[in-house]
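Notes to accompany the following structure.
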Amino acid sequence: MIPEDMINTEQLFRDNFENIYLSHYPGMIRFACEYIVSVEDAENIVQDAFTEIWEARKGFLYEKPRLLSLLFVRIRSRCLDFLRHQTVVREAEDVLQETFRRDMQMKFDSLEAFDGDFLSSEASVEDLIVKAIDSLSPKCREIFIKSKLEGKKQKEIAQELNISINTVETQMGIAYKKLKQELKDCLPLLLFIYYF
């Protein structure tokens with residue numbers, strides 16, 4: 001049998017908790033909104049604080065002032081956690097945005113530098129690509145041609161040449177690195193070869 005003083009203590013907690021919820025919930029939302037811009041996020045934080053205290057009620061003192069203090073401490077803590085998380089998210093977004101901006105600027109500069117004078121020179125685009133591919137080692141060139149010019153899949157190339165798929169991947173990586181060096185002054189050609 002549950003002792004009567006324990007039942008009374010539990011009932012006192014329930015009464016105080018309900019009273020605080022009904023009378024202070026809107027104020028707690030306003031408190032959280034001072035730090036958290038979104039009302040929805042502020043409501044979630046306050047709800048979580050109430051839920052946390054309700055679930056751990058057996059470990060708390062049951063007086064109303066103590067419960068109120070605990071709720072504000074929990075809300076403050078959850079607001080801080082939320083703001084820390086938002087800061088990390090924003091910093092990650094800023095890094096991605098800066099990387100995207102630099103990438104777009106590089107592509108813009110490359111296309112701007114890739115003008116008609118280059119294309120009207122004695123060496124045609126085809127000659128430049130052939131020369132760059134010819135600079136590859138025989139095995140690397142063979143794999144690159146089968147992949148990019150013949151359109152074969154890596155597994156197909158590996159079976160045809162009796163080598164592992166890993167070797168095909170490695171040789172393609174070497175080919176791209178070498179072609180990047182050979183075609184460094186004409187990035188659009190390199191991108192054309194890469195995505196071809």
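Letters A, B, ... mark the chains of the structure tokens in the order given; residue numbers begin at 1 per chain; ligand numbers begin at 1, in order shown.
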
**Request:** Go through region 16-97 of chain A and collect every residue that DSSP, computed from the backbone, puts in alpha helix (DSSP H); the answer should be as a count of residues only.
**Result:** 69

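Proximity to region 35-50 of chain A at 8 Å, evaluated using only C-alpha atoms and with sequence-adjacent residues fewer than 2 positions away removed, yields Tyr25, Met28, Ile29, Phe31, Ala32, Cys33, Glu52, Ile53, Trp54, Leu71, Arg74, Ile75, Arg78, Cys79 and Leu83 of chain A.
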
re CA of Arg66 (chain A) and CA of Pro26 (chain A): distance 18.7 Å

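Considering the residues A:Gln11, A:Thr99, A:Ser135, A:Gln86 and counting only C-alpha atoms, Tyr176 (chain A) has its shortest atom-to-atom contact with A:Ser135.
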
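Computed from the coordinates, the CA of Gln159 (chain A) to CA of Leu136 (chain A) distance equals 21.4 Å.
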
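Between CA of Glu10 (chain A) and CA of Val73 (chain A) the separation is 22.1 Å.
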